[in-house]
$ cat query.pdb   # PDB, C-alpha atoms and all ligand atoms
MODEL        1
ATOM      1  CA  MET K   1      70.112 120.705  95.666  1.00  0.00           C
ATOM      2  CA  LEU K   2      67.308 118.349  96.600  1.00  0.00           C
ATOM      3  CA  ARG K   3      65.653 120.916  98.839  1.00  0.00           C
ATOM      4  CA  ALA K   4      65.917 123.601  96.152  1.00  0.00           C
ATOM      5  CA  GLU K   5      64.191 121.369  93.567  1.00  0.00           C
ATOM      6  CA  ILE K   6      61.435 120.515  96.029  1.00  0.00           C
ATOM      7  CA  GLN K   7      60.972 124.162  96.940  1.00  0.00           C
ATOM      8  CA  ALA K   8      60.849 125.199  93.296  1.00  0.00           C
ATOM      9  CA  GLY K   9      58.121 122.600  92.750  1.00  0.00           C
ATOM     10  CA  SER K  10      59.849 121.274  89.612  1.00  0.00           C
ATOM     11  CA  ALA K  11      58.927 117.865  88.171  1.00  0.00           C
ATOM     12  CA  LEU K  12      62.136 116.403  89.644  1.00  0.00           C
ATOM     13  CA  GLY K  13      61.401 118.057  92.990  1.00  0.00           C
ATOM     14  CA  GLU K  14      57.863 116.671  93.064  1.00  0.00           C
ATOM     15  CA  ALA K  15      59.129 113.167  92.310  1.00  0.00           C
ATOM     16  CA  ALA K  16      61.684 113.455  95.136  1.00  0.00           C
ATOM     17  CA  ARG K  17      59.110 114.851  97.543  1.00  0.00           C
ATOM     18  CA  SER K  18      56.695 111.975  97.089  1.00  0.00           C
ATOM     19  CA  ILE K  19      59.467 109.396  97.551  1.00  0.00           C
ATOM     20  CA  MET K  20      60.663 111.123 100.731  1.00  0.00           C
ATOM     21  CA  ALA K  21      57.117 111.535 102.057  1.00  0.00           C
ATOM     22  CA  SER K  22      56.647 107.771 101.856  1.00  0.00           C
ATOM     23  CA  GLY K  23      59.892 107.266 103.798  1.00  0.00           C
ATOM     24  CA  GLY K  24      61.920 106.116 100.793  1.00  0.00           C
ATOM     25  CA  LEU K  25      65.386 107.155  99.666  1.00  0.00           C
ATOM     26  CA  VAL K  26      65.748 109.235  96.526  1.00  0.00           C
ATOM     27  CA  GLY K  27      67.458 106.967  93.988  1.00  0.00           C
ATOM     28  CA  ASP K  28      70.542 107.542  91.840  1.00  0.00           C
ATOM     29  CA  ASP K  29      68.547 108.228  88.703  1.00  0.00           C
ATOM     30  CA  LEU K  30      66.707 111.188  90.186  1.00  0.00           C
ATOM     31  CA  VAL K  31      69.793 112.594  91.937  1.00  0.00           C
ATOM     32  CA  ASN K  32      71.784 112.316  88.694  1.00  0.00           C
ATOM     33  CA  LYS K  33      69.126 114.199  86.747  1.00  0.00           C
ATOM     34  CA  MET K  34      69.118 116.966  89.357  1.00  0.00           C
ATOM     35  CA  LEU K  35      72.890 117.206  89.154  1.00  0.00           C
ATOM     36  CA  ALA K  36      72.901 117.432  85.357  1.00  0.00           C
ATOM     37  CA  LYS K  37      70.316 120.203  85.520  1.00  0.00           C
ATOM     38  CA  ARG K  38      72.113 122.103  88.292  1.00  0.00           C
ATOM     39  CA  VAL K  39      75.542 122.126  86.663  1.00  0.00           C
ATOM     40  CA  SER K  40      74.109 123.426  83.378  1.00  0.00           C
ATOM     41  CA  GLN K  41      73.346 126.728  85.070  1.00  0.00           C
ATOM     42  CA  PRO K  42      75.493 129.770  84.269  1.00  0.00           C
ATOM     43  CA  ASP K  43      77.158 129.903  87.705  1.00  0.00           C
ATOM     44  CA  SER K  44      78.676 126.445  87.112  1.00  0.00           C
ATOM     45  CA  GLN K  45      80.323 127.197  83.791  1.00  0.00           C
ATOM     46  CA  ASN K  46      83.773 127.849  85.292  1.00  0.00           C
ATOM     47  CA  GLY K  47      83.648 124.837  87.588  1.00  0.00           C
ATOM     48  CA  PHE K  48      81.698 123.591  90.569  1.00  0.00           C
ATOM     49  CA  LEU K  49      82.126 121.933  93.924  1.00  0.00           C
ATOM     50  CA  LEU K  50      80.093 118.835  94.751  1.00  0.00           C
ATOM     51  CA  ASP K  51      79.692 117.899  98.412  1.00  0.00           C
ATOM     52  CA  GLY K  52      78.408 114.405  99.177  1.00  0.00           C
ATOM     53  CA  TYR K  53      78.212 113.409  95.510  1.00  0.00           C
ATOM     54  CA  PRO K  54      78.976 110.945  93.981  1.00  0.00           C
ATOM     55  CA  ARG K  55      77.935 108.716  96.854  1.00  0.00           C
ATOM     56  CA  THR K  56      77.421 105.479  94.920  1.00  0.00           C
ATOM     57  CA  ILE K  57      79.303 103.803  92.092  1.00  0.00           C
ATOM     58  CA  GLU K  58      76.318 104.434  89.784  1.00  0.00           C
ATOM     59  CA  GLN K  59      76.599 108.157  90.513  1.00  0.00           C
ATOM     60  CA  ALA K  60      80.376 108.111  89.949  1.00  0.00           C
ATOM     61  CA  GLU K  61      79.945 106.445  86.558  1.00  0.00           C
ATOM     62  CA  TYR K  62      77.203 108.874  85.630  1.00  0.00           C
ATOM     63  CA  LEU K  63      79.460 111.815  86.555  1.00  0.00           C
ATOM     64  CA  ASP K  64      82.264 110.426  84.369  1.00  0.00           C
ATOM     65  CA  GLY K  65      79.881 110.288  81.419  1.00  0.00           C
ATOM     66  CA  LEU K  66      78.500 113.761  82.071  1.00  0.00           C
ATOM     67  CA  LEU K  67      81.955 115.369  82.280  1.00  0.00           C
ATOM     68  CA  ASP K  68      83.028 113.603  79.070  1.00  0.00           C
ATOM     69  CA  GLU K  69      79.903 114.614  77.238  1.00  0.00           C
ATOM     70  CA  ARG K  70      80.318 118.266  78.230  1.00  0.00           C
ATOM     71  CA  LYS K  71      84.057 118.164  77.546  1.00  0.00           C
ATOM     72  CA  LEU K  72      84.906 119.054  81.142  1.00  0.00           C
ATOM     73  CA  PRO K  73      88.164 117.954  82.826  1.00  0.00           C
ATOM     74  CA  LYS K  74      88.413 115.019  85.223  1.00  0.00           C
ATOM     75  CA  PRO K  75      87.088 115.791  88.695  1.00  0.00           C
ATOM     76  CA  PHE K  76      89.429 116.590  91.560  1.00  0.00           C
ATOM     77  CA  ILE K  77      88.471 114.232  94.394  1.00  0.00           C
ATOM     78  CA  LEU K  78      89.036 115.243  98.024  1.00  0.00           C
ATOM     79  CA  HIS K  79      88.248 112.447 100.438  1.00  0.00           C
ATOM     80  CA  LEU K  80      87.831 113.608 104.040  1.00  0.00           C
ATOM     81  CA  ASP K  81      88.503 110.509 106.045  1.00  0.00           C
ATOM     82  CA  VAL K  82      87.382 110.351 109.672  1.00  0.00           C
ATOM     83  CA  PRO K  83      88.039 107.238 111.795  1.00  0.00           C
ATOM     84  CA  MET K  84      84.929 105.272 112.797  1.00  0.00           C
ATOM     85  CA  ASP K  85      85.424 105.994 116.532  1.00  0.00           C
ATOM     86  CA  ALA K  86      85.546 109.747 115.943  1.00  0.00           C
ATOM     87  CA  LEU K  87      82.389 109.601 113.781  1.00  0.00           C
ATOM     88  CA  VAL K  88      80.537 107.590 116.410  1.00  0.00           C
ATOM     89  CA  GLY K  89      81.678 110.119 119.022  1.00  0.00           C
ATOM     90  CA  ARG K  90      80.429 113.072 116.975  1.00  0.00           C
ATOM     91  CA  LEU K  91      77.078 111.547 116.077  1.00  0.00           C
ATOM     92  CA  THR K  92      76.246 110.225 119.542  1.00  0.00           C
ATOM     93  CA  SER K  93      77.006 113.702 120.950  1.00  0.00           C
ATOM     94  CA  ARG K  94      74.079 115.231 119.078  1.00  0.00           C
ATOM     95  CA  ARG K  95      71.155 116.473 121.135  1.00  0.00           C
ATOM     96  CA  GLN K  96      67.915 117.968 119.912  1.00  0.00           C
ATOM     97  CA  CYS K  97      65.307 120.253 121.418  1.00  0.00           C
ATOM     98  CA  PRO K  98      61.977 118.420 121.086  1.00  0.00           C
ATOM     99  CA  LYS K  99      60.121 121.741 121.077  1.00  0.00           C
ATOM    100  CA  CYS K 100      61.886 123.886 118.436  1.00  0.00           C
ATOM    101  CA  GLY K 101      63.978 121.213 116.695  1.00  0.00           C
ATOM    102  CA  ARG K 102      67.312 122.988 117.234  1.00  0.00           C
ATOM    103  CA  ILE K 103      70.294 120.611 117.095  1.00  0.00           C
ATOM    104  CA  TYR K 104      73.232 120.835 119.498  1.00  0.00           C
ATOM    105  CA  ASN K 105      76.465 118.897 119.691  1.00  0.00           C
ATOM    106  CA  LEU K 106      78.001 118.357 123.118  1.00  0.00           C
ATOM    107  CA  LEU K 107      81.492 118.327 121.556  1.00  0.00           C
ATOM    108  CA  HIS K 108      81.481 121.535 119.528  1.00  0.00           C
ATOM    109  CA  GLN K 109      78.097 123.282 119.765  1.00  0.00           C
ATOM    110  CA  PRO K 110      76.916 122.704 123.334  1.00  0.00           C
ATOM    111  CA  PRO K 111      73.939 124.576 124.814  1.00  0.00           C
ATOM    112  CA  LYS K 112      74.824 127.438 127.212  1.00  0.00           C
ATOM    113  CA  ASN K 113      73.290 125.500 130.116  1.00  0.00           C
ATOM    114  CA  ALA K 114      73.873 121.754 130.136  1.00  0.00           C
ATOM    115  CA  GLY K 115      70.938 119.759 128.816  1.00  0.00           C
ATOM    116  CA  ILE K 116      68.692 122.761 128.153  1.00  0.00           C
ATOM    117  CA  CYS K 117      67.720 124.527 124.888  1.00  0.00           C
ATOM    118  CA  ASP K 118      69.143 128.078 124.660  1.00  0.00           C
ATOM    119  CA  ASP K 119      66.020 129.328 122.898  1.00  0.00           C
ATOM    120  CA  ASP K 120      63.194 127.979 125.001  1.00  0.00           C
ATOM    121  CA  GLY K 121      64.621 126.185 128.064  1.00  0.00           C
ATOM    122  CA  THR K 122      63.246 122.762 127.035  1.00  0.00           C
ATOM    123  CA  ALA K 123      65.186 119.658 128.147  1.00  0.00           C
ATOM    124  CA  LEU K 124      67.230 118.278 125.231  1.00  0.00           C
ATOM    125  CA  ILE K 125      66.845 114.704 124.025  1.00  0.00           C
ATOM    126  CA  THR K 126      68.966 112.188 122.114  1.00  0.00           C
ATOM    127  CA  ARG K 127      67.216 111.205 118.902  1.00  0.00           C
ATOM    128  CA  LYS K 128      66.523 107.512 118.405  1.00  0.00           C
ATOM    129  CA  ASP K 129      68.777 107.400 115.345  1.00  0.00           C
ATOM    130  CA  ASP K 130      71.710 108.959 117.238  1.00  0.00           C
ATOM    131  CA  THR K 131      72.302 106.066 119.630  1.00  0.00           C
ATOM    132  CA  GLU K 132      75.592 104.192 119.322  1.00  0.00           C
ATOM    133  CA  GLU K 133      74.102 101.003 117.854  1.00  0.00           C
ATOM    134  CA  VAL K 134      72.058 102.820 115.198  1.00  0.00           C
ATOM    135  CA  VAL K 135      74.944 105.140 114.320  1.00  0.00           C
ATOM    136  CA  LYS K 136      77.302 102.178 113.865  1.00  0.00           C
ATOM    137  CA  GLU K 137      74.781 100.437 111.640  1.00  0.00           C
ATOM    138  CA  ARG K 138      74.348 103.586 109.532  1.00  0.00           C
ATOM    139  CA  LEU K 139      78.112 103.939 109.199  1.00  0.00           C
ATOM    140  CA  ARG K 140      78.481 100.291 108.143  1.00  0.00           C
ATOM    141  CA  THR K 141      75.847 100.815 105.442  1.00  0.00           C
ATOM    142  CA  TYR K 142      77.562 104.017 104.304  1.00  0.00           C
ATOM    143  CA  ASP K 143      80.923 102.264 104.202  1.00  0.00           C
ATOM    144  CA  ALA K 144      79.590  99.405 102.072  1.00  0.00           C
ATOM    145  CA  ILE K 145      78.135 101.866  99.541  1.00  0.00           C
ATOM    146  CA  SER K 146      81.033 104.323  99.455  1.00  0.00           C
ATOM    147  CA  ARG K 147      83.914 101.817  99.320  1.00  0.00           C
ATOM    148  CA  PRO K 148      83.443 101.105  95.582  1.00  0.00           C
ATOM    149  CA  VAL K 149      83.308 104.873  94.918  1.00  0.00           C
ATOM    150  CA  LEU K 150      86.700 105.342  96.581  1.00  0.00           C
ATOM    151  CA  ALA K 151      88.110 102.386  94.660  1.00  0.00           C
ATOM    152  CA  HIS K 152      86.802 103.997  91.460  1.00  0.00           C
ATOM    153  CA  TYR K 153      88.882 107.142  92.052  1.00  0.00           C
ATOM    154  CA  GLN K 154      91.856 105.837  93.998  1.00  0.00           C
ATOM    155  CA  ASP K 155      94.151 105.508  90.986  1.00  0.00           C
ATOM    156  CA  SER K 156      93.295 108.952  89.678  1.00  0.00           C
ATOM    157  CA  LYS K 157      96.080 111.512  89.913  1.00  0.00           C
ATOM    158  CA  TYR K 158      93.412 113.943  91.083  1.00  0.00           C
ATOM    159  CA  TYR K 159      92.600 111.935  94.206  1.00  0.00           C
ATOM    160  CA  ARG K 160      93.737 113.128  97.656  1.00  0.00           C
ATOM    161  CA  MET K 161      92.886 111.732 101.036  1.00  0.00           C
ATOM    162  CA  ILE K 162      92.658 114.239 103.871  1.00  0.00           C
ATOM    163  CA  ARG K 163      92.460 113.401 107.555  1.00  0.00           C
ATOM    164  CA  GLY K 164      89.120 114.779 108.651  1.00  0.00           C
ATOM    165  CA  ASP K 165      89.512 114.408 112.408  1.00  0.00           C
ATOM    166  CA  ARG K 166      91.324 117.730 112.796  1.00  0.00           C
ATOM    167  CA  SER K 167      90.200 121.323 113.215  1.00  0.00           C
ATOM    168  CA  PRO K 168      88.217 122.899 110.335  1.00  0.00           C
ATOM    169  CA  SER K 169      90.823 125.668 109.894  1.00  0.00           C
ATOM    170  CA  TYR K 170      93.638 123.128 109.528  1.00  0.00           C
ATOM    171  CA  ILE K 171      91.647 121.106 106.992  1.00  0.00           C
ATOM    172  CA  PHE K 172      90.721 124.279 105.100  1.00  0.00           C
ATOM    173  CA  GLU K 173      94.395 125.202 104.757  1.00  0.00           C
ATOM    174  CA  GLU K 174      95.336 121.757 103.579  1.00  0.00           C
ATOM    175  CA  ILE K 175      92.614 121.750 100.917  1.00  0.00           C
ATOM    176  CA  THR K 176      93.462 125.274  99.779  1.00  0.00           C
ATOM    177  CA  GLY K 177      97.114 124.256  99.466  1.00  0.00           C
ATOM    178  CA  ILE K 178      96.282 121.156  97.409  1.00  0.00           C
ATOM    179  CA  LEU K 179      94.021 123.072  95.029  1.00  0.00           C
ATOM    180  CA  GLU K 180      96.438 125.981  94.586  1.00  0.00           C
ATOM    181  CA  HIS K 181      99.231 123.557  93.798  1.00  0.00           C
ATOM    182  CA  ALA K 182      97.013 121.638  91.376  1.00  0.00           C
ATOM    183  CA  SER K 183      95.856 124.733  89.542  1.00  0.00           C
ATOM    184  CA  LYS K 184      99.431 126.045  89.231  1.00  0.00           C
ATOM    185  CA  ASN K 185     100.412 122.758  87.665  1.00  0.00           C
ATOM    186  CA  GLY K 186      97.478 122.862  85.306  1.00  0.00           C
ATOM    187  CA  ALA K 187      96.070 119.616  86.690  1.00  0.00           C
ATOM    188  CA  SER K 188      92.590 120.990  86.655  1.00  0.00           C
ATOM    189  CA  ARG K 189      93.081 123.785  84.143  1.00  0.00           C
ATOM    190  CA  GLY K 190      91.903 126.216  86.797  1.00  0.00           C
ATOM    191  CA  ARG K 191      88.430 124.754  86.888  1.00  0.00           C
ATOM    192  CA  VAL K 192      88.323 123.725  90.518  1.00  0.00           C
ATOM    193  CA  GLY K 193      86.410 125.974  92.847  1.00  0.00           C
ATOM    194  CA  ALA K 194      83.066 127.265  93.993  1.00  0.00           C
ATOM    195  CA  PRO K 195      80.052 127.784  93.793  1.00  0.00           C
TER
HETATM  196 ZN    ZN K 201      64.276 124.707 121.718  1.00  0.00          ZN
ENDMDL
END
$ encode --input "query.pdb" --output "structure tokens"
Amino acid sequence: MLRAEIQAGSALGEAARSIMASGGLVGDDLVNKMLAKRVSQPDSQNGFLLDGYPRTIEQAEYLDGLLDERKLPKPFILHLDVPMDALVGRLTSRRQCPKCGRIYNLLHQPPKNAGICDDDGTALITRKDDTEEVVKERLRTYDAISRPVLAHYQDSKYYRMIRGDRSPSYIFEEITGILEHASKNGASRGRVGAP
């Protein structure tokens, strides 16, 4: 969503671009405005899927207000929970080609020849922000910010926690099952789904 706004050169996109260019993080206010704009588009009228939003309690409260204002049903929250050790394992297994920028993961997307980029034969490197210490620090920060968001939704009857340290196909089936059951029971009035 952020990239699309930047690419379109909209006022919101320009504001985000200048913040990111100076190394800052795009704040809740800007992200919320982009969301409101995006979900007013015709392809969102029968429902929409948000991935990675709301990420802060301010965003969650904004979303509540937006859904109320537009007379949309309560959101269905799917929380993919992955244990800290598994996350650290995944993130520290990332390798990058310093020449072309391609990202590999030793666990599930390894290069054909160990340590070497498939495209140009350059030796792969571990990025500075993918070392164990930095990853743990990032995860602690994420946890501190996202904990209140989970607390905000935990009592909702539309909240489900899903174990995320399993295969994508297994997780896909579990999510499909939950949503089919919910829509049969009218929990979401059939409004859950893509784009
Ligand atoms: Zn490469």
$ atom_distance --input "query.pdb" --atom1 "CA of Ala144 (chain K)" --atom2 "CA of Ile19 (chain K)"
22.9 Å
$ residues_near_ligand --input "query.pdb" --ligand "ligand ZN 201 (chain K)" --cutoff "6 Å" --atoms "only C-alpha atoms and all ligand atoms" --output "JSON, numbers by chain"
{"K": [97, 99, 100, 102, 117, 119, 120, 122]}
$ residues_near_point --input "query.pdb" --point "(90.8, 109.5, 101.8)" --cutoff "7 Å" --atoms "only C-alpha atoms" --output "ChimeraX atom specification"
/K:79-81,160-162
$ residues_around --input "query.pdb" --residues "region 31-44 of chain K" --least-positions-apart "6" --cutoff "10 Å" --atoms "only C-alpha atoms" --output "ChimeraX atom specification"
/K:1-2,5,12-13,16,50,53-54,58-60,62-63,66-67,70,191,193-195
$ resolve_selection --input "query.pdb" --expression "the PyMOL selection byres (((chain K and resi 159) around 10) and not hetatm)" --output "list in words"
Pro75, Phe76, Ile77, Leu78, His79, Leu150, Tyr153, Gln154, Asp155, Ser156, Lys157, Tyr158, Arg160, Met161 and Ile162 of chain K
$ closest_residue --input "query.pdb" --among "K:Ala151, K:Leu124, K:Ile116, K:Val88" --to "Leu139 (chain K)" --atoms "all atoms listed in the file"
K:Val88
$ atom_distance --input "query.pdb" --atom1 "CA of Leu107 (chain K)" --atom2 "CA of Ser93 (chain K)"
6.5 Å
$ residues_around --input "query.pdb" --residues "Gln109 (chain K)" --least-positions-apart "3" --cutoff "12 Å" --atoms "all atoms listed in the file" --output "list in words"
Arg90, Ser93, Arg94, Arg95, Gln96, Arg102, Ile103, Tyr104, Asn105, Leu106, Lys112, Asn113, Ala114, Cys117 and Asp118 of chain K
$ atom_distance --input "query.pdb" --atom1 "CA of Thr56 (chain K)" --atom2 "CA of Gly27 (chain K)"
10.1 Å
$ closest_residue --input "query.pdb" --among "K:Pro73, K:Lys136, K:Ile6, K:Ala182" --to "Asn46 (chain K)" --atoms "all atoms listed in the file"
K:Pro73
$ closest_residue --input "query.pdb" --among "K:Gly89, K:Pro110, K:Pro168, K:Gly121" --to "Val135 (chain K)" --atoms "only C-alpha atoms"
K:Gly89
$ closest_residue --input "query.pdb" --among "K:Leu30, K:Ile175, K:Leu49, K:Val82" --to "Ala15 (chain K)" --atoms "all atoms listed in the file"
K:Leu30
$ closest_residue --input "query.pdb" --among "K:Pro148, K:Gly47, K:Gly177, K:Gly101" --to "Glu61 (chain K)" --atoms "only C-alpha atoms"
K:Pro148
